[in-house]
Amino acid sequence: MMNRRAFFDVAAFAILAASITAEAQPARVYKLGYLGLAAGPASSTQAFRQGLREHGWVEGQNIVIEYRWTGGKTEGLPELVEDLVRSRPDVIVTAGNKLVSFAKKAAPSVPIVMVHSLDPVGSGLVASLARPGGHVTGLTWDSGLEIGGKRLELLKTVAPEIARVINLWDPGDPGLARYWPGVRHAAEALSLVAESVEVRSPEDLRKALEIIKPQRGAALFIWAGQLLNAHSKMICDFALRYHLPTLSPANEYVSKDGCLIGYAPNSDDVYRRAATYVDKILRGAKPADLPIEQPTKFELVINMKTAKALGLTMPQSLLLRADQVIE
């Protein structure tokens with residue numbers, strides 16, 4: 001029989017051998033597919049990567065990211081998504097209902113983390129906020145359909161003389177149509193006439209702006225979506241040229257493109273939170289069981305340069321509420 005010391009020597013050798021073998025085996029490197037709205041990395045991309053690092057995921061070590069960029073274009077999106085899917089990612093991260101819809105169709109078995117989606121239940125992306133079901137989860141860009149009315153109240157406070165608000169939106173973007181009744185009702189309560197202007201293509205947008213151009217006493221309510229995101233600078237420049245106060249769905253429109261006012265979540269924070277979903281999925285969680293996260297904090301951003309150009313006097317109470325004032 002093996003004596004006691006010999007037994008422990010053999011056991012110790014076995015543990016050491018197992019340890020050496022484990023160290024010799026490379027850890028799995030996961031592949032993440034990242035479909036971005038811009039032409040290249042932005043501050044939100046850096047925030048997302050920082051979020052990954054906070055959870056122990058470092059590019060080139062235990063994770064590889066396959067980037068694809070829409071470049072702000074609206075054409076060729078299905079092909080771009082399919083190209084990303086061919087890289088065989090373990091998880092796909094993308095923003096906006098339209099891109100999420102394309103990814104969901106092109107990769108029915110790949111977990112998808114959506115960033116700032118709009119009404120994901122009503123648009124059919126998930127079954128419910130608490131239990132998404134399927135393979136899509138992530139974050140929304142609003143706290144409910146009433147957000148349109150809240151934004152409209154802010155616009156009226158900033159520009160009290162307006163009589164009409166022109167809602168510029170793309171009906172081809174899933175989920176947006178459900179917001180319109182709430183905005184129309186809120187407009188009536190504020191003694192405003194709400195007009196719906198639908199644009200489905202760059203040509204539609206150019207024609208719509210020509211129609212809007214001569215209108216007086218109006219304000220422009222820009223809705224989120226791939227098409228309008230791609231042309232946000234042009235829209236904001238147009239609005240300033242023809243003295244139209246503008247309300248944007250993303251604060252970047254205000255800080256970078258010159259729109260008047262924005263009321264939205266912080267984009268960098270949302271992308272950083274998206275990394276938390278990626279971490280949970282890579283560690284074994286199922287997207288179907290990860291509740292959709294709604295924003296709890298909206299930031300108010302005001303562009304004072306634009307306000308002065310429009311001849312508007314900003315209420316001091318609103319300036320005190322603002323999270324950022326662009327001078």
# chains A, B, ... in the order shown; residues from 1 in each chain; ligands from 1
call {"tool": "residues_around", "arguments": {"residues": "Ser191 of chain A", "least_positions_apart": "2", "cutoff": "10 Å", "atoms": "only C-alpha atoms", "output": "ChimeraX atom specification"}}
result
/A:156,162-164,185-189,193-194
call {"tool": "residues_around", "arguments": {"residues": "segment 77-81 of chain A", "least_positions_apart": "4", "cutoff": "8 Å", "atoms": "only C-alpha atoms", "output": "list in words"}}
result
Leu35, Arg68, Thr70, Lys73, Val85, Leu99, Phe102, Ala103 and Ala106 of chain A
call {"tool": "residues_around", "arguments": {"residues": "segment 231-233 of chain A", "least_positions_apart": "2", "cutoff": "8 Å", "atoms": "only C-alpha atoms", "output": "MDAnalysis selection string"}}
result
chainID A and resid 72 227:229 235:237 253 257:258
call {"tool": "write_last_selection", "arguments": {"atoms": "N, CA, C and O atoms", "output": "PDB file, in the first residue's frame"}}
result
ATOM      1  N   GLY A  72     -23.643  57.008 -41.224  1.00  0.00           N
ATOM      2  CA  GLY A  72     -24.775  57.915 -41.325  1.00  0.00           C
ATOM      3  C   GLY A  72     -25.648  57.669 -42.536  1.00  0.00           C
ATOM      4  O   GLY A  72     -26.539  58.461 -42.839  1.00  0.00           O
ATOM      5  N   LEU A 227     -32.498  57.853 -40.548  1.00  0.00           N
ATOM      6  CA  LEU A 227     -32.491  58.864 -41.598  1.00  0.00           C
ATOM      7  C   LEU A 227     -32.192  60.254 -41.043  1.00  0.00           C
ATOM      8  O   LEU A 227     -31.327  60.974 -41.569  1.00  0.00           O
ATOM      9  N   LEU A 228     -32.908  60.645 -39.996  1.00  0.00           N
ATOM     10  CA  LEU A 228     -32.733  61.987 -39.448  1.00  0.00           C
ATOM     11  C   LEU A 228     -31.403  62.122 -38.703  1.00  0.00           C
ATOM     12  O   LEU A 228     -30.799  63.198 -38.703  1.00  0.00           O
ATOM     13  N   ASN A 229     -30.938  61.042 -38.099  1.00  0.00           N
ATOM     14  CA  ASN A 229     -29.604  61.066 -37.485  1.00  0.00           C
ATOM     15  C   ASN A 229     -28.546  61.371 -38.539  1.00  0.00           C
ATOM     16  O   ASN A 229     -27.596  62.114 -38.295  1.00  0.00           O
ATOM     17  N   ILE A 235     -30.329  69.547 -40.980  1.00  0.00           N
ATOM     18  CA  ILE A 235     -31.630  69.964 -40.458  1.00  0.00           C
ATOM     19  C   ILE A 235     -31.473  71.129 -39.479  1.00  0.00           C
ATOM     20  O   ILE A 235     -32.212  72.116 -39.528  1.00  0.00           O
ATOM     21  N   CYS A 236     -30.483  71.027 -38.584  1.00  0.00           N
ATOM     22  CA  CYS A 236     -30.272  72.083 -37.595  1.00  0.00           C
ATOM     23  C   CYS A 236     -29.828  73.383 -38.266  1.00  0.00           C
ATOM     24  O   CYS A 236     -30.262  74.470 -37.868  1.00  0.00           O
ATOM     25  N   ASP A 237     -28.974  73.285 -39.285  1.00  0.00           N
ATOM     26  CA  ASP A 237     -28.550  74.480 -40.038  1.00  0.00           C
ATOM     27  C   ASP A 237     -29.743  75.122 -40.739  1.00  0.00           C
ATOM     28  O   ASP A 237     -29.887  76.348 -40.751  1.00  0.00           O
ATOM     29  N   TYR A 253     -27.273  66.657 -30.934  1.00  0.00           N
ATOM     30  CA  TYR A 253     -27.787  67.595 -31.936  1.00  0.00           C
ATOM     31  C   TYR A 253     -27.598  69.033 -31.454  1.00  0.00           C
ATOM     32  O   TYR A 253     -27.390  69.947 -32.248  1.00  0.00           O
ATOM     33  N   ASP A 257     -24.501  70.086 -33.386  1.00  0.00           N
ATOM     34  CA  ASP A 257     -25.130  70.497 -34.641  1.00  0.00           C
ATOM     35  C   ASP A 257     -25.848  71.835 -34.562  1.00  0.00           C
ATOM     36  O   ASP A 257     -26.285  72.352 -35.585  1.00  0.00           O
ATOM     37  N   GLY A 258     -26.021  72.381 -33.358  1.00  0.00           N
ATOM     38  CA  GLY A 258     -26.607  73.706 -33.241  1.00  0.00           C
ATOM     39  C   GLY A 258     -28.108  73.757 -33.066  1.00  0.00           C
ATOM     40  O   GLY A 258     -28.704  74.834 -33.217  1.00  0.00           O
TER      41      GLY A 258
END
call {"tool": "closest_residue", "arguments": {"among": "A:Pro41, A:Gly225, A:Gly33, A:Gly311", "to": "His243 of chain A", "atoms": "only C-alpha atoms"}}
result
A:Gly311
call {"tool": "residues_around", "arguments": {"residues": "Ser123 of chain A", "least_positions_apart": "2", "cutoff": "6 Å", "atoms": "only C-alpha atoms", "output": "mmCIF file with all heavy atoms, in the first residue's frame"}}
result
data_model
loop_
_atom_site.group_PDB
_atom_site.id
_atom_site.type_symbol
_atom_site.label_atom_id
_atom_site.label_comp_id
_atom_site.auth_asym_id
_atom_site.auth_seq_id
_atom_site.Cartn_x
_atom_site.Cartn_y
_atom_site.Cartn_z
ATOM 1 N N PRO A 120 -39.602 49.381 -27.518
ATOM 2 C CA PRO A 120 -39.228 48.062 -28.044
ATOM 3 C C PRO A 120 -40.343 47.026 -27.996
ATOM 4 O O PRO A 120 -40.357 46.115 -28.820
ATOM 5 C CB PRO A 120 -38.053 47.652 -27.142
ATOM 6 C CG PRO A 120 -38.232 48.433 -25.885
ATOM 7 C CD PRO A 120 -38.836 49.741 -26.313
ATOM 8 N N VAL A 121 -41.288 47.177 -27.059
ATOM 9 C CA VAL A 121 -42.402 46.230 -27.003
ATOM 10 C C VAL A 121 -43.384 46.511 -28.138
ATOM 11 O O VAL A 121 -43.750 45.619 -28.906
ATOM 12 C CB VAL A 121 -43.120 46.305 -25.634
ATOM 13 C CG1 VAL A 121 -44.331 45.368 -25.623
ATOM 14 C CG2 VAL A 121 -42.161 45.946 -24.503
ATOM 15 N N LEU A 125 -39.805 44.295 -30.960
ATOM 16 C CA LEU A 125 -38.433 43.816 -30.757
ATOM 17 C C LEU A 125 -38.344 42.843 -29.595
ATOM 18 O O LEU A 125 -37.524 41.925 -29.620
ATOM 19 C CB LEU A 125 -37.499 45.005 -30.522
ATOM 20 C CG LEU A 125 -37.381 46.009 -31.672
ATOM 21 C CD1 LEU A 125 -36.469 47.160 -31.280
ATOM 22 C CD2 LEU A 125 -36.870 45.331 -32.939
ATOM 23 N N PRO A 174 -39.255 51.486 -36.962
ATOM 24 C CA PRO A 174 -40.219 50.799 -36.088
ATOM 25 C C PRO A 174 -40.385 51.502 -34.744
ATOM 26 O O PRO A 174 -39.433 51.920 -34.117
ATOM 27 C CB PRO A 174 -39.589 49.410 -35.896
ATOM 28 C CG PRO A 174 -38.702 49.223 -37.073
ATOM 29 C CD PRO A 174 -38.169 50.592 -37.397
ATOM 30 N N GLY A 175 -41.627 51.638 -34.319
ATOM 31 C CA GLY A 175 -41.907 52.162 -32.989
ATOM 32 C C GLY A 175 -42.282 53.629 -32.941
ATOM 33 O O GLY A 175 -42.965 54.066 -32.009
#
call {"tool": "closest_residue", "arguments": {"among": "A:Ala95, A:Ile112, A:Val183, A:Val58", "to": "Val278 of chain A", "atoms": "only C-alpha atoms"}}
result
A:Ile112
call {"tool": "select_by_dssp", "arguments": {"residues": "segment 71-107 of chain A", "states": "strand (DSSP E)", "output": "PyMOL selection string"}}
result
chain A and resi 91-95
call {"tool": "closest_residue", "arguments": {"among": "A:Ser109, A:Thr313, A:Gln294, A:Gln226", "to": "Val270 of chain A", "atoms": "only C-alpha atoms"}}
result
A:Gln294
call {"tool": "residues_around", "arguments": {"residues": "Thr45 of chain A", "least_positions_apart": "2", "cutoff": "12 Å", "atoms": "only C-alpha atoms", "output": "PDB file with N, CA, C and O atoms, in the first residue's frame"}}
result
ATOM      1  N   TYR A  34     -20.082  44.942 -33.360  1.00  0.00           N
ATOM      2  CA  TYR A  34     -20.513  46.297 -32.980  1.00  0.00           C
ATOM      3  C   TYR A  34     -20.920  47.045 -34.238  1.00  0.00           C
ATOM      4  O   TYR A  34     -20.095  47.319 -35.108  1.00  0.00           O
ATOM      5  N   LEU A  35     -22.201  47.356 -34.344  1.00  0.00           N
ATOM      6  CA  LEU A  35     -22.725  48.059 -35.509  1.00  0.00           C
ATOM      7  C   LEU A  35     -23.031  49.496 -35.101  1.00  0.00           C
ATOM      8  O   LEU A  35     -24.005  49.768 -34.392  1.00  0.00           O
ATOM      9  N   GLY A  36     -22.168  50.439 -35.520  1.00  0.00           N
ATOM     10  CA  GLY A  36     -22.282  51.821 -35.087  1.00  0.00           C
ATOM     11  C   GLY A  36     -23.008  52.702 -36.077  1.00  0.00           C
ATOM     12  O   GLY A  36     -22.975  52.474 -37.288  1.00  0.00           O
ATOM     13  N   LEU A  37     -23.648  53.749 -35.562  1.00  0.00           N
ATOM     14  CA  LEU A  37     -24.426  54.658 -36.398  1.00  0.00           C
ATOM     15  C   LEU A  37     -23.560  55.665 -37.140  1.00  0.00           C
ATOM     16  O   LEU A  37     -23.960  56.191 -38.166  1.00  0.00           O
ATOM     17  N   ALA A  38     -22.375  55.955 -36.607  1.00  0.00           N
ATOM     18  CA  ALA A  38     -21.543  57.009 -37.178  1.00  0.00           C
ATOM     19  C   ALA A  38     -20.612  56.445 -38.249  1.00  0.00           C
ATOM     20  O   ALA A  38     -20.730  55.292 -38.674  1.00  0.00           O
ATOM     21  N   ALA A  39     -19.670  57.282 -38.677  1.00  0.00           N
ATOM     22  CA  ALA A  39     -18.692  56.856 -39.680  1.00  0.00           C
ATOM     23  C   ALA A  39     -17.462  56.240 -39.030  1.00  0.00           C
ATOM     24  O   ALA A  39     -16.585  55.737 -39.721  1.00  0.00           O
ATOM     25  N   GLY A  40     -17.392  56.280 -37.718  1.00  0.00           N
ATOM     26  CA  GLY A  40     -16.242  55.747 -36.995  1.00  0.00           C
ATOM     27  C   GLY A  40     -16.446  55.938 -35.509  1.00  0.00           C
ATOM     28  O   GLY A  40     -17.506  56.399 -35.063  1.00  0.00           O
ATOM     29  N   PRO A  41     -15.449  55.578 -34.704  1.00  0.00           N
ATOM     30  CA  PRO A  41     -15.582  55.674 -33.243  1.00  0.00           C
ATOM     31  C   PRO A  41     -15.938  57.082 -32.781  1.00  0.00           C
ATOM     32  O   PRO A  41     -15.405  58.069 -33.278  1.00  0.00           O
ATOM     33  N   ALA A  42     -16.858  57.156 -31.815  1.00  0.00           N
ATOM     34  CA  ALA A  42     -17.259  58.417 -31.206  1.00  0.00           C
ATOM     35  C   ALA A  42     -17.080  58.292 -29.696  1.00  0.00           C
ATOM     36  O   ALA A  42     -16.615  57.258 -29.199  1.00  0.00           O
ATOM     37  N   SER A  43     -17.463  59.325 -28.962  1.00  0.00           N
ATOM     38  CA  SER A  43     -17.313  59.269 -27.504  1.00  0.00           C
ATOM     39  C   SER A  43     -18.137  58.137 -26.911  1.00  0.00           C
ATOM     40  O   SER A  43     -17.735  57.513 -25.926  1.00  0.00           O
ATOM     41  N   ALA A  47     -16.986  55.124 -24.438  1.00  0.00           N
ATOM     42  CA  ALA A  47     -17.695  54.832 -23.191  1.00  0.00           C
ATOM     43  C   ALA A  47     -18.064  53.357 -23.107  1.00  0.00           C
ATOM     44  O   ALA A  47     -17.962  52.728 -22.042  1.00  0.00           O
ATOM     45  N   PHE A  48     -18.472  52.786 -24.228  1.00  0.00           N
ATOM     46  CA  PHE A  48     -18.803  51.362 -24.270  1.00  0.00           C
ATOM     47  C   PHE A  48     -17.575  50.511 -23.973  1.00  0.00           C
ATOM     48  O   PHE A  48     -17.625  49.573 -23.165  1.00  0.00           O
ATOM     49  N   ARG A  49     -16.458  50.842 -24.590  1.00  0.00           N
ATOM     50  CA  ARG A  49     -15.224  50.089 -24.361  1.00  0.00           C
ATOM     51  C   ARG A  49     -14.763  50.225 -22.919  1.00  0.00           C
ATOM     52  O   ARG A  49     -14.259  49.268 -22.319  1.00  0.00           O
ATOM     53  N   GLN A  50     -14.945  51.416 -22.338  1.00  0.00           N
ATOM     54  CA  GLN A  50     -14.607  51.603 -20.932  1.00  0.00           C
ATOM     55  C   GLN A  50     -15.482  50.726 -20.045  1.00  0.00           C
ATOM     56  O   GLN A  50     -15.006  50.117 -19.073  1.00  0.00           O
ATOM     57  N   GLY A  51     -16.771  50.642 -20.404  1.00  0.00           N
ATOM     58  CA  GLY A  51     -17.670  49.776 -19.661  1.00  0.00           C
ATOM     59  C   GLY A  51     -17.236  48.320 -19.721  1.00  0.00           C
ATOM     60  O   GLY A  51     -17.311  47.588 -18.722  1.00  0.00           O
ATOM     61  N   LEU A  52     -16.774  47.873 -20.879  1.00  0.00           N
ATOM     62  CA  LEU A  52     -16.273  46.506 -21.007  1.00  0.00           C
ATOM     63  C   LEU A  52     -15.064  46.289 -20.097  1.00  0.00           C
ATOM     64  O   LEU A  52     -14.963  45.266 -19.403  1.00  0.00           O
ATOM     65  N   ILE A  65     -13.448  42.836 -31.064  1.00  0.00           N
ATOM     66  CA  ILE A  65     -14.641  43.547 -31.527  1.00  0.00           C
ATOM     67  C   ILE A  65     -14.574  43.744 -33.035  1.00  0.00           C
ATOM     68  O   ILE A  65     -13.615  44.320 -33.549  1.00  0.00           O
ATOM     69  N   TYR A  67     -16.004  45.781 -35.813  1.00  0.00           N
ATOM     70  CA  TYR A  67     -16.735  47.022 -35.987  1.00  0.00           C
ATOM     71  C   TYR A  67     -17.293  47.129 -37.407  1.00  0.00           C
ATOM     72  O   TYR A  67     -16.618  46.798 -38.376  1.00  0.00           O
ATOM     73  N   ARG A  68     -18.515  47.611 -37.502  1.00  0.00           N
ATOM     74  CA  ARG A  68     -19.106  47.994 -38.768  1.00  0.00           C
ATOM     75  C   ARG A  68     -19.775  49.347 -38.559  1.00  0.00           C
ATOM     76  O   ARG A  68     -20.439  49.568 -37.549  1.00  0.00           O
ATOM     77  N   TRP A  69     -19.596  50.259 -39.522  1.00  0.00           N
ATOM     78  CA  TRP A  69     -20.114  51.619 -39.376  1.00  0.00           C
ATOM     79  C   TRP A  69     -21.073  51.942 -40.510  1.00  0.00           C
ATOM     80  O   TRP A  69     -20.766  51.707 -41.673  1.00  0.00           O
ATOM     81  N   VAL A  93     -23.994  44.179 -30.758  1.00  0.00           N
ATOM     82  CA  VAL A  93     -24.441  45.418 -30.120  1.00  0.00           C
ATOM     83  C   VAL A  93     -24.769  46.421 -31.218  1.00  0.00           C
ATOM     84  O   VAL A  93     -23.947  46.650 -32.116  1.00  0.00           O
ATOM     85  N   THR A  94     -25.960  47.009 -31.163  1.00  0.00           N
ATOM     86  CA  THR A  94     -26.309  48.016 -32.156  1.00  0.00           C
ATOM     87  C   THR A  94     -27.350  48.959 -31.584  1.00  0.00           C
ATOM     88  O   THR A  94     -27.949  48.694 -30.541  1.00  0.00           O
ATOM     89  N   ALA A  95     -27.564  50.090 -32.273  1.00  0.00           N
ATOM     90  CA  ALA A  95     -28.431  51.144 -31.757  1.00  0.00           C
ATOM     91  C   ALA A  95     -29.562  51.436 -32.726  1.00  0.00           C
ATOM     92  O   ALA A  95     -29.392  51.383 -33.940  1.00  0.00           O
ATOM     93  N   VAL A 115     -29.118  49.375 -28.022  1.00  0.00           N
ATOM     94  CA  VAL A 115     -28.834  50.618 -27.314  1.00  0.00           C
ATOM     95  C   VAL A 115     -29.830  51.675 -27.776  1.00  0.00           C
ATOM     96  O   VAL A 115     -30.125  51.785 -28.956  1.00  0.00           O
ATOM     97  N   SER A 267     -25.886  59.933 -23.737  1.00  0.00           N
ATOM     98  CA  SER A 267     -25.573  58.854 -24.667  1.00  0.00           C
ATOM     99  C   SER A 267     -24.398  58.006 -24.179  1.00  0.00           C
ATOM    100  O   SER A 267     -24.429  56.772 -24.272  1.00  0.00           O
ATOM    101  N   ASP A 268     -23.372  58.645 -23.659  1.00  0.00           N
ATOM    102  CA  ASP A 268     -22.209  57.891 -23.183  1.00  0.00           C
ATOM    103  C   ASP A 268     -22.586  56.962 -22.038  1.00  0.00           C
ATOM    104  O   ASP A 268     -22.123  55.815 -21.971  1.00  0.00           O
ATOM    105  N   ASP A 269     -23.451  57.436 -21.144  1.00  0.00           N
ATOM    106  CA  ASP A 269     -23.886  56.588 -20.024  1.00  0.00           C
ATOM    107  C   ASP A 269     -24.666  55.380 -20.523  1.00  0.00           C
ATOM    108  O   ASP A 269     -24.519  54.271 -19.996  1.00  0.00           O
ATOM    109  N   VAL A 270     -25.506  55.594 -21.523  1.00  0.00           N
ATOM    110  CA  VAL A 270     -26.308  54.497 -22.065  1.00  0.00           C
ATOM    111  C   VAL A 270     -25.402  53.428 -22.684  1.00  0.00           C
ATOM    112  O   VAL A 270     -25.593  52.225 -22.469  1.00  0.00           O
ATOM    113  N   TYR A 271     -24.401  53.864 -23.442  1.00  0.00           N
ATOM    114  CA  TYR A 271     -23.476  52.902 -24.049  1.00  0.00           C
ATOM    115  C   TYR A 271     -22.642  52.182 -22.987  1.00  0.00           C
ATOM    116  O   TYR A 271     -22.343  50.995 -23.131  1.00  0.00           O
ATOM    117  N   ARG A 272     -22.271  52.890 -21.944  1.00  0.00           N
ATOM    118  CA  ARG A 272     -21.522  52.251 -20.865  1.00  0.00           C
ATOM    119  C   ARG A 272     -22.370  51.174 -20.194  1.00  0.00           C
ATOM    120  O   ARG A 272     -21.882  50.099 -19.848  1.00  0.00           O
ATOM    121  N   ARG A 273     -23.662  51.457 -20.027  1.00  0.00           N
ATOM    122  CA  ARG A 273     -24.563  50.475 -19.444  1.00  0.00           C
ATOM    123  C   ARG A 273     -24.753  49.269 -20.368  1.00  0.00           C
ATOM    124  O   ARG A 273     -24.945  48.145 -19.906  1.00  0.00           O
ATOM    125  N   ALA A 274     -24.698  49.496 -21.676  1.00  0.00           N
ATOM    126  CA  ALA A 274     -24.846  48.387 -22.621  1.00  0.00           C
ATOM    127  C   ALA A 274     -23.753  47.351 -22.413  1.00  0.00           C
ATOM    128  O   ALA A 274     -23.966  46.141 -22.618  1.00  0.00           O
ATOM    129  N   ALA A 275     -22.572  47.796 -21.989  1.00  0.00           N
ATOM    130  CA  ALA A 275     -21.472  46.863 -21.729  1.00  0.00           C
ATOM    131  C   ALA A 275     -21.818  45.896 -20.606  1.00  0.00           C
ATOM    132  O   ALA A 275     -21.335  44.752 -20.589  1.00  0.00           O
TER     133      ALA A 275
END
call {"tool": "closest_residue", "arguments": {"among": "A:Arg151, A:Lys31, A:His116, A:Arg131", "to": "Phe221 of chain A", "atoms": "only C-alpha atoms"}}
result
A:Arg151
call {"tool": "closest_residue", "arguments": {"among": "A:Val110, A:Leu84, A:Ala219, A:Ile302", "to": "Leu282 of chain A", "atoms": "only C-alpha atoms"}}
result
A:Val110
call {"tool": "residues_around", "arguments": {"residues": "Gly133 of chain A", "least_positions_apart": "3", "cutoff": "7 Å", "atoms": "only C-alpha atoms", "output": "MDAnalysis selection string"}}
result
chainID A and resid 126:127 288:289
call {"tool": "atom_distance", "arguments": {"atom1": "atom CA of Val199 of chain A", "atom2": "atom CA of Trp169 of chain A"}}
result
6.0 Å
call {"tool": "closest_residue", "arguments": {"among": "A:Gln215, A:Trp180, A:Thr276, A:Arg241", "to": "Trp57 of chain A", "atoms": "only C-alpha atoms"}}
result
A:Thr276
